[in-house]
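Listing of protein_15.txt, compact mmCIF, C-alpha atoms and all ligand atoms
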```txt
# COMPACT_ATOMS: atom_id res chain seq x y z
CA MET A 1 0.43 -19.78 40.80
CA PRO A 2 -0.27 -16.05 40.72
CA HIS A 3 0.16 -14.34 44.04
CA ARG A 4 -3.19 -12.78 45.03
CA ARG A 5 -4.08 -10.93 48.18
CA ARG A 6 -7.59 -10.07 49.38
CA ARG A 7 -8.47 -6.65 48.01
CA ALA A 8 -9.43 -3.87 50.39
CA LYS A 9 -13.16 -3.09 50.25
CA LEU A 10 -13.83 0.00 48.14
CA GLU A 11 -15.59 3.03 49.60
CA PRO A 12 -18.97 3.82 48.04
CA GLY A 13 -18.41 5.91 44.92
CA ALA A 14 -14.73 4.93 44.83
CA ALA A 15 -12.90 4.29 41.56
CA THR A 16 -13.52 0.78 40.36
CA SER A 17 -11.40 0.21 37.26
CA PRO A 18 -8.26 -1.84 37.96
CA ALA A 19 -6.04 1.04 36.79
CA ASP A 20 -7.86 3.41 39.17
CA ARG A 21 -7.46 0.99 42.05
CA VAL A 22 -3.71 0.76 41.38
CA ARG A 23 -3.54 4.57 41.29
CA ARG A 24 -5.47 4.92 44.53
CA ARG A 25 -3.41 2.34 46.40
CA TYR A 26 -0.17 3.83 45.06
CA ALA A 27 -1.33 7.33 46.11
CA GLN A 28 -1.75 6.03 49.67
CA LEU A 29 1.88 4.87 49.63
CA ALA A 30 3.64 7.55 47.58
CA GLY A 31 1.28 10.54 47.49
CA GLU A 32 -1.13 11.96 44.90
CA GLY A 33 1.66 13.69 42.94
CA ALA A 34 3.50 10.42 42.31
CA ALA A 35 0.26 8.58 41.50
CA ALA A 36 -0.66 11.21 38.90
CA ARG A 37 2.46 10.21 36.92
CA LEU A 38 1.24 6.64 36.46
CA PRO A 39 0.29 5.80 32.88
CA ARG A 40 -3.45 5.78 32.15
CA GLY A 41 -3.35 2.45 30.35
CA PHE A 42 -1.56 -0.86 30.12
CA GLU A 43 -1.60 -3.82 27.79
CA ARG A 44 -2.83 -7.16 29.08
CA LEU A 45 -1.46 -10.11 27.12
CA GLY A 46 -2.99 -13.19 28.73
CA ARG A 47 -1.38 -13.68 32.13
CA VAL A 48 1.25 -11.00 31.47
CA LEU A 49 0.76 -7.25 31.82
CA VAL A 50 2.89 -4.65 30.02
CA VAL A 51 3.05 -1.12 31.52
CA ARG A 52 4.95 1.95 30.37
CA LEU A 53 6.34 3.22 33.68
CA PRO A 54 8.66 6.24 33.58
CA GLU A 55 12.29 5.60 34.56
CA GLU A 56 12.12 8.02 37.52
CA MET A 57 9.67 5.64 39.24
CA ARG A 58 12.32 2.89 39.31
CA PRO A 59 12.62 2.78 43.14
CA ASP A 60 8.89 2.00 43.23
CA PHE A 61 8.88 -0.63 40.44
CA PRO A 62 8.70 -3.56 42.90
CA VAL A 63 5.74 -2.11 44.79
CA LEU A 64 3.98 -1.00 41.59
CA GLY A 65 4.57 -4.42 40.05
CA ARG A 66 2.86 -6.01 43.03
CA LEU A 67 -0.09 -3.60 42.86
CA TYR A 68 -0.65 -4.31 39.16
CA GLN A 69 -0.31 -8.04 39.81
CA GLU A 70 -2.95 -7.93 42.54
CA GLU A 71 -5.42 -5.54 40.95
CA ILE A 72 -5.30 -6.87 37.39
CA GLY A 73 -4.87 -10.52 38.39
CA VAL A 74 -1.84 -11.29 36.21
CA THR A 75 1.14 -13.55 36.93
CA THR A 76 3.87 -11.27 35.61
CA VAL A 77 4.26 -7.53 35.11
CA LEU A 78 6.66 -6.27 32.46
CA ARG A 79 7.84 -2.71 32.06
CA HIS A 80 8.01 -1.56 28.44
CA ALA A 81 11.41 0.07 28.69
CA GLY A 82 11.89 1.71 25.32
CA PRO A 83 10.94 1.87 21.66
CA VAL A 84 10.60 -1.26 19.56
CA GLU A 85 13.93 -1.76 17.80
CA GLY A 86 15.23 -2.87 14.41
CA GLU A 87 13.78 -4.85 11.55
CA TRP A 88 12.91 -7.73 13.89
CA ARG A 89 10.74 -5.29 15.91
CA LEU A 90 12.23 -6.33 19.28
CA PRO A 91 10.64 -4.76 22.36
CA ARG A 92 12.80 -3.70 25.34
CA ARG A 93 11.06 -5.09 28.41
CA GLU A 94 12.01 -5.85 32.00
CA VAL A 95 10.23 -7.98 34.59
CA ILE A 96 9.10 -5.92 37.59
CA ALA A 97 6.87 -8.55 39.24
CA GLY A 98 6.47 -12.31 38.88
CA GLY A 99 8.73 -14.28 36.58
CA ALA A 100 7.18 -16.32 33.77
CA THR A 101 7.01 -14.21 30.60
CA GLU A 102 5.56 -16.79 28.23
CA THR A 103 1.88 -16.17 27.65
CA THR A 104 -1.05 -17.04 25.39
CA VAL A 105 -3.48 -14.61 23.78
CA VAL A 106 -6.77 -15.95 22.43
CA ALA A 107 -8.92 -13.96 20.00
CA HIS A 108 -11.51 -14.74 17.31
CA GLY A 109 -10.86 -18.48 17.44
CA CYS A 110 -7.04 -18.25 17.21
CA ARG A 111 -4.41 -18.64 19.92
CA TRP A 112 -0.89 -17.27 19.94
CA THR A 113 1.73 -18.31 22.52
CA PHE A 114 4.88 -16.20 22.78
CA ASP A 115 7.42 -14.76 25.20
CA ALA A 116 6.14 -11.25 25.95
CA ALA A 117 9.59 -10.18 27.19
CA GLN A 118 11.13 -10.82 23.79
CA ILE A 119 8.33 -10.59 21.26
CA LEU A 120 5.89 -7.89 20.28
CA PHE A 121 2.16 -8.55 20.26
CA ALA A 122 0.18 -5.42 19.45
CA ARG A 123 -3.34 -5.52 20.91
CA GLY A 124 -4.20 -2.71 18.50
CA ASN A 125 -3.82 -5.11 15.55
CA THR A 126 -6.58 -7.43 16.79
CA LEU A 127 -9.23 -6.24 14.33
CA GLU A 128 -6.79 -6.37 11.42
CA ARG A 129 -5.92 -9.99 12.28
CA ALA A 130 -9.64 -10.82 12.38
CA ARG A 131 -10.18 -9.00 9.09
CA ILE A 132 -7.51 -11.07 7.35
CA GLY A 133 -9.24 -14.21 8.63
CA ALA A 134 -12.52 -12.93 7.18
CA GLU A 135 -11.04 -11.86 3.81
CA VAL A 136 -9.18 -15.04 2.90
CA ARG A 137 -11.25 -17.26 0.59
CA PRO A 138 -11.23 -21.07 0.27
CA ASP A 139 -8.36 -22.50 -1.84
CA GLU A 140 -6.24 -19.35 -1.60
CA HIS A 141 -2.46 -19.50 -1.54
CA VAL A 142 -1.17 -16.88 0.87
CA ALA A 143 2.41 -15.68 1.46
CA ASP A 144 3.09 -14.05 4.84
CA LEU A 145 6.52 -12.44 4.45
CA PHE A 146 6.74 -11.15 8.05
CA ALA A 147 5.07 -14.05 9.83
CA GLY A 148 6.42 -13.48 13.36
CA ILE A 149 4.63 -15.88 15.70
CA GLY A 150 1.80 -16.29 13.17
CA TYR A 151 -0.10 -13.04 13.80
CA PHE A 152 -1.76 -13.20 10.35
CA THR A 153 -0.71 -16.72 9.32
CA ILE A 154 -2.96 -18.35 11.92
CA PRO A 155 -6.20 -16.47 11.09
CA ALA A 156 -5.47 -16.86 7.35
CA ALA A 157 -4.98 -20.63 7.66
CA ARG A 158 -7.99 -21.03 9.94
CA ALA A 159 -10.20 -19.14 7.50
CA HIS A 160 -10.79 -22.36 5.56
CA PRO A 161 -9.18 -25.85 5.58
CA THR A 162 -8.29 -25.54 1.87
CA VAL A 163 -6.17 -22.38 2.38
CA GLN A 164 -2.39 -22.81 2.11
CA VAL A 165 0.01 -20.33 3.75
CA VAL A 166 3.76 -19.95 3.25
CA ALA A 167 5.04 -18.12 6.35
CA VAL A 168 8.55 -16.61 6.42
CA GLU A 169 10.18 -15.44 9.65
CA ALA A 170 13.77 -14.32 10.24
CA ASN A 171 13.95 -14.16 14.06
CA PRO A 172 14.68 -17.71 15.38
CA VAL A 173 12.80 -17.09 18.65
CA SER A 174 9.66 -15.96 16.80
CA PHE A 175 10.09 -18.80 14.32
CA GLU A 176 9.95 -21.42 17.08
CA TYR A 177 6.73 -19.88 18.42
CA LEU A 178 5.34 -19.77 14.87
CA ARG A 179 5.85 -23.53 14.62
CA ARG A 180 4.27 -24.09 18.02
CA ASN A 181 1.29 -21.89 17.16
CA VAL A 182 0.76 -23.69 13.87
CA ARG A 183 0.52 -26.95 15.83
CA ALA A 184 -1.66 -25.51 18.61
CA ASN A 185 -4.12 -24.09 16.05
CA HIS A 186 -4.33 -27.40 14.13
CA VAL A 187 -3.16 -25.98 10.79
CA VAL A 188 0.01 -28.07 10.36
CA GLY A 189 -1.01 -29.42 6.95
CA GLN A 190 -1.82 -25.91 5.70
CA VAL A 191 1.24 -23.88 6.73
CA THR A 192 4.75 -24.13 5.35
CA ALA A 193 6.97 -22.24 7.81
CA LEU A 194 10.30 -21.06 6.38
CA ALA A 195 13.07 -19.70 8.61
CA GLY A 196 15.18 -16.87 7.23
CA ASP A 197 15.22 -13.48 5.57
CA ASN A 198 12.36 -13.16 3.08
CA ARG A 199 14.74 -11.41 0.64
CA ARG A 200 16.78 -14.61 0.37
CA VAL A 201 14.29 -17.42 1.06
CA ASP A 202 13.30 -19.20 -2.14
CA LEU A 203 9.59 -18.65 -2.81
CA PRO A 204 7.66 -19.86 -5.87
CA ARG A 205 7.01 -16.85 -8.12
CA GLY A 206 3.65 -16.39 -9.79
CA THR A 207 1.74 -18.73 -7.44
CA PHE A 208 0.09 -16.64 -4.70
CA ASP A 209 -3.35 -15.03 -4.42
CA ARG A 210 -2.44 -12.83 -1.46
CA VAL A 211 0.77 -11.49 0.06
CA LEU A 212 0.93 -10.10 3.61
CA LEU A 213 3.52 -7.39 4.25
CA GLY A 214 3.04 -6.75 7.98
CA LEU A 215 6.21 -4.78 8.76
CA LEU A 216 6.43 -1.35 10.39
CA PRO A 217 7.52 1.38 10.03
CA SER A 218 7.14 0.50 6.35
CA SER A 219 6.86 -2.55 4.15
CA LEU A 220 7.19 -0.46 0.96
CA PRO A 221 10.69 -1.80 0.14
CA TRP A 222 9.11 -5.27 -0.22
CA VAL A 223 6.36 -4.31 -2.67
CA GLY A 224 8.40 -5.35 -5.74
CA ARG A 225 9.24 -8.73 -4.18
CA ALA A 226 5.55 -9.25 -3.40
CA VAL A 227 4.31 -8.39 -6.91
CA GLU A 228 6.46 -11.09 -8.47
CA LEU A 229 4.92 -13.69 -6.15
CA LEU A 230 1.35 -13.06 -7.40
CA ARG A 231 -0.39 -15.32 -9.90
CA PRO A 232 -0.47 -14.00 -13.49
CA THR A 233 -4.22 -13.38 -13.03
CA GLY A 234 -3.45 -11.07 -10.09
CA GLY A 235 -4.08 -10.91 -6.37
CA ILE A 236 -3.97 -8.74 -3.28
CA LEU A 237 -1.07 -7.27 -1.33
CA HIS A 238 -1.62 -6.00 2.22
CA VAL A 239 0.99 -3.26 2.56
CA HIS A 240 1.52 -1.97 6.12
CA LEU A 241 3.10 1.40 6.85
CA LEU A 242 3.05 4.39 9.17
CA ARG A 243 1.60 7.67 7.99
CA GLY A 244 1.30 11.10 9.52
CA THR A 245 -2.16 12.01 10.81
CA ARG A 246 -1.98 15.09 8.57
CA GLU A 247 -1.03 13.13 5.47
CA ALA A 248 -3.99 12.99 3.08
CA PRO A 249 -5.11 9.43 2.23
CA ALA A 250 -4.35 10.15 -1.44
CA GLU A 251 -0.73 10.99 -0.54
CA THR A 252 -0.39 7.70 1.33
CA THR A 253 -1.84 5.62 -1.49
CA GLU A 254 0.49 7.47 -3.88
CA ARG A 255 3.45 6.27 -1.78
CA VAL A 256 2.29 2.70 -2.47
CA ARG A 257 1.35 3.25 -6.13
CA ARG A 258 4.89 4.39 -7.05
CA PRO A 259 6.74 1.17 -6.08
CA LEU A 260 3.90 -0.90 -7.55
CA GLU A 261 4.28 0.88 -10.88
CA GLY A 262 8.05 0.56 -10.55
CA ALA A 263 7.58 -3.21 -10.26
CA GLY A 264 5.46 -3.21 -13.43
CA ALA A 265 2.16 -4.00 -11.65
CA ARG A 266 -0.96 -3.54 -13.77
CA GLY A 267 -4.63 -2.82 -13.03
CA ILE A 268 -3.76 -1.23 -9.68
CA ALA A 269 -6.69 -0.62 -7.27
CA LEU A 270 -5.84 0.67 -3.80
CA ALA A 271 -7.86 0.92 -0.58
CA LEU A 272 -6.47 2.42 2.62
CA ARG A 273 -7.58 1.63 6.15
CA ASP A 274 -6.20 2.74 9.49
CA VAL A 275 -5.25 -0.01 11.92
CA LYS A 276 -4.38 1.94 15.10
CA PRO A 277 -2.86 5.18 16.38
CA TYR A 278 0.92 4.86 16.56
CA GLY A 279 2.39 7.46 18.90
CA PRO A 280 1.84 11.19 18.56
CA GLY A 281 0.88 12.31 15.06
CA ARG A 282 1.21 8.89 13.42
CA VAL A 283 -1.12 6.10 12.38
CA HIS A 284 -0.46 2.47 11.49
CA SER A 285 -2.27 1.95 8.19
CA VAL A 286 -2.66 -0.87 5.72
CA ILE A 287 -3.23 -0.52 2.02
CA ASP A 288 -4.96 -3.34 0.20
CA ALA A 289 -3.50 -3.32 -3.28
CA ARG A 290 -5.35 -5.38 -5.89
CA VAL A 291 -2.90 -5.79 -8.80
CA ARG A 292 -1.71 -8.00 -11.64
CA PRO A 293 1.99 -8.73 -12.04
CA PRO A 294 3.80 -7.62 -15.22
CA ALA A 295 2.94 -9.69 -18.32
C1 LIG B 301 6.55 -7.81 14.71
S1 LIG B 301 5.97 -8.53 13.26
C2 LIG B 301 4.67 -7.53 12.77
C3 LIG B 301 3.52 -7.53 13.75
C4 LIG B 301 2.24 -8.14 13.23
N1 LIG B 301 1.88 -7.66 11.92
C5 LIG B 301 1.05 -8.03 14.19
O1 LIG B 301 -0.08 -8.22 13.79
O2 LIG B 301 1.26 -7.78 15.39
C6 LIG B 301 7.22 -8.37 12.05
C7 LIG B 301 7.99 -9.67 11.95
O3 LIG B 301 8.73 -9.67 10.75
C8 LIG B 301 10.01 -10.27 10.99
N2 LIG B 301 10.92 -9.79 9.95
C9 LIG B 301 11.43 -8.54 9.80
N3 LIG B 301 12.20 -8.47 8.70
C10 LIG B 301 12.15 -9.69 8.13
C11 LIG B 301 12.72 -10.23 6.93
N4 LIG B 301 13.47 -9.47 6.13
N5 LIG B 301 12.48 -11.51 6.62
C12 LIG B 301 11.69 -12.28 7.42
N6 LIG B 301 11.13 -11.83 8.57
C13 LIG B 301 11.34 -10.54 8.91
C14 LIG B 301 10.37 -9.82 12.39
O4 LIG B 301 11.31 -10.69 12.99
C15 LIG B 301 8.99 -9.87 13.08
O5 LIG B 301 8.76 -11.11 13.68
```

Target encoding structure tokens, full file:
Amino acid sequence: MPHRRRRAKLEPGAATSPADRVRRRYAQLAGEGAAARLPRGFERLGRVLVVRLPEEMRPDFPVLGRLYQEEIGVTTVLRHAGPVEGEWRLPRREVIAGGATETTVVAHGCRWTFDAAQILFARGNTLERARIGAEVRPDEHVADLFAGIGYFTIPAARAHPTVQVVAVEANPVSFEYLRRNVRANHVVGQVTALAGDNRRVDLPRGTFDRVLLGLLPSSLPWVGRAVELLRPTGGILHVHLLRGTREAPAETTERVRRPLEGAGARGIALALRDVKPYGPGRVHSVIDARVRPPA
């Protein structure tokens, strides 16, 4: 059970957002200067909270963890301790309050369970996950080459009971959650989950209507692999990448056009959309590429 204490009554006109209440209570303990260094935001993932606390606040992590726990009403508080690492996109996180790190996020009719200490779940991708669910048409065959815990696989499969998804995931921890999420979302008969590296997993060429390439910082190296999976009549690739905020949209689409042409794709039509800000000066974008594979 989460540990909750009665909250102190707020003064009239006092700050009322949970983050403000944490700041105010911390200021009473550690002073205004220390409280001003607290991050403005945090990420709530179900019953787990992720905060980016600076290392120099370490002596106060236990007290801060408790304040976040009480004011936000979460079971566990994790500190995001460094950049997301490697091709498996592993976050570095440490528990500063509570214990259980497994959590469930529910959005637009889908639910994803995962261990927030080991697995990334970007709140900023929520609209893109919903969009994929809205774009997928009945009877489609979809390949999700970076399936993770089913970020896109679940909304794609739930779009319509006649949709089939082949979901590939290399990280065994994520793969187990993918299987669990497929069951929990009642799409077992629609999803074929394959464990392993998508460069080596055997996938049926020329059979898919849509291929999801949800890897950052860039899924461009996989564009050729994706083109060969599309039906001869063509289909859509969703190519995720980071771009500079100063990079013109035409420059970004050009970066996608080149590998598509290199793979012999025909009838290329590209549309760029921004998913979320990604650190200073960068944006997470996705390019929808409507193409036909080589004849
Ligand atoms: C973190 S996810 C992307 C996030 C997701 N698009 C979202 O909406 O939040 C990327 C996943 O691709 C997996 N992955 C990376 N390289 C892979 C590869 N070569 N083959 C299969 N899976 C891979 C990682 O393990 C990870 O689970």

The distance between atom CA of A:Leu242 and atom CA of A:Val283 is 5.5 Å

Counting all atoms listed in the file, which of A:Pro161, A:Gly109, A:Gly244, A:Pro83 gets nearest to A:Glu140?
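Among A:Pro161, A:Gly109, A:Gly244, A:Pro83, it is A:Pro161 that comes nearest to A:Glu140.
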
* With all atoms listed in the file counted, collect every polymer residue having an atom within 9 Å of ligand LIG 301 (chain B); state the result as a PyMOL selection string. => chain A and resi 86-90+119-126+128-129+145-152+167-175+194-201+212-216+222+240

Using only C-alpha atoms, which of A:Val50, A:Ala19, A:Val163, A:Leu260 sits nearest A:Arg92?
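The answer is A:Val50, which sits nearest to A:Arg92.
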
- Of the candidates A:Pro138, A:Gly65, A:Gly46, A:Gly264, which shows the shortest atom-to-atom distance to A:Val106, using all atoms listed in the file?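 Distance minimum relative to A:Val106 lands on A:Gly46.
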
* **Residues within 7 Å of A:Glu228, all atoms listed in the file, excluding chain neighbours under 4 positions, as a PyMOL selection string** => chain A and resi 205-206+224+293

Exercise. Would you list the contacts of A:Asn181 as a ChimeraX atom specification, taking every protein, DNA or RNA residue within 10 Å and counting only C-alpha atoms, but skipping same-chain residues closer than 4 positions in sequence?
Key: /A:104,110-114,149-151,153-154,175-177,185-188

Taking into account only C-alpha atoms, which residue in the set A:Arg179, A:Arg158, A:His108, A:His284 is nearest to A:Ser219?
->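 Of all the options, A:His284 lies closest to A:Ser219.
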
note - atom CA of A:Ile132 and atom CA of A:Phe208 are separated by 15.3 Å
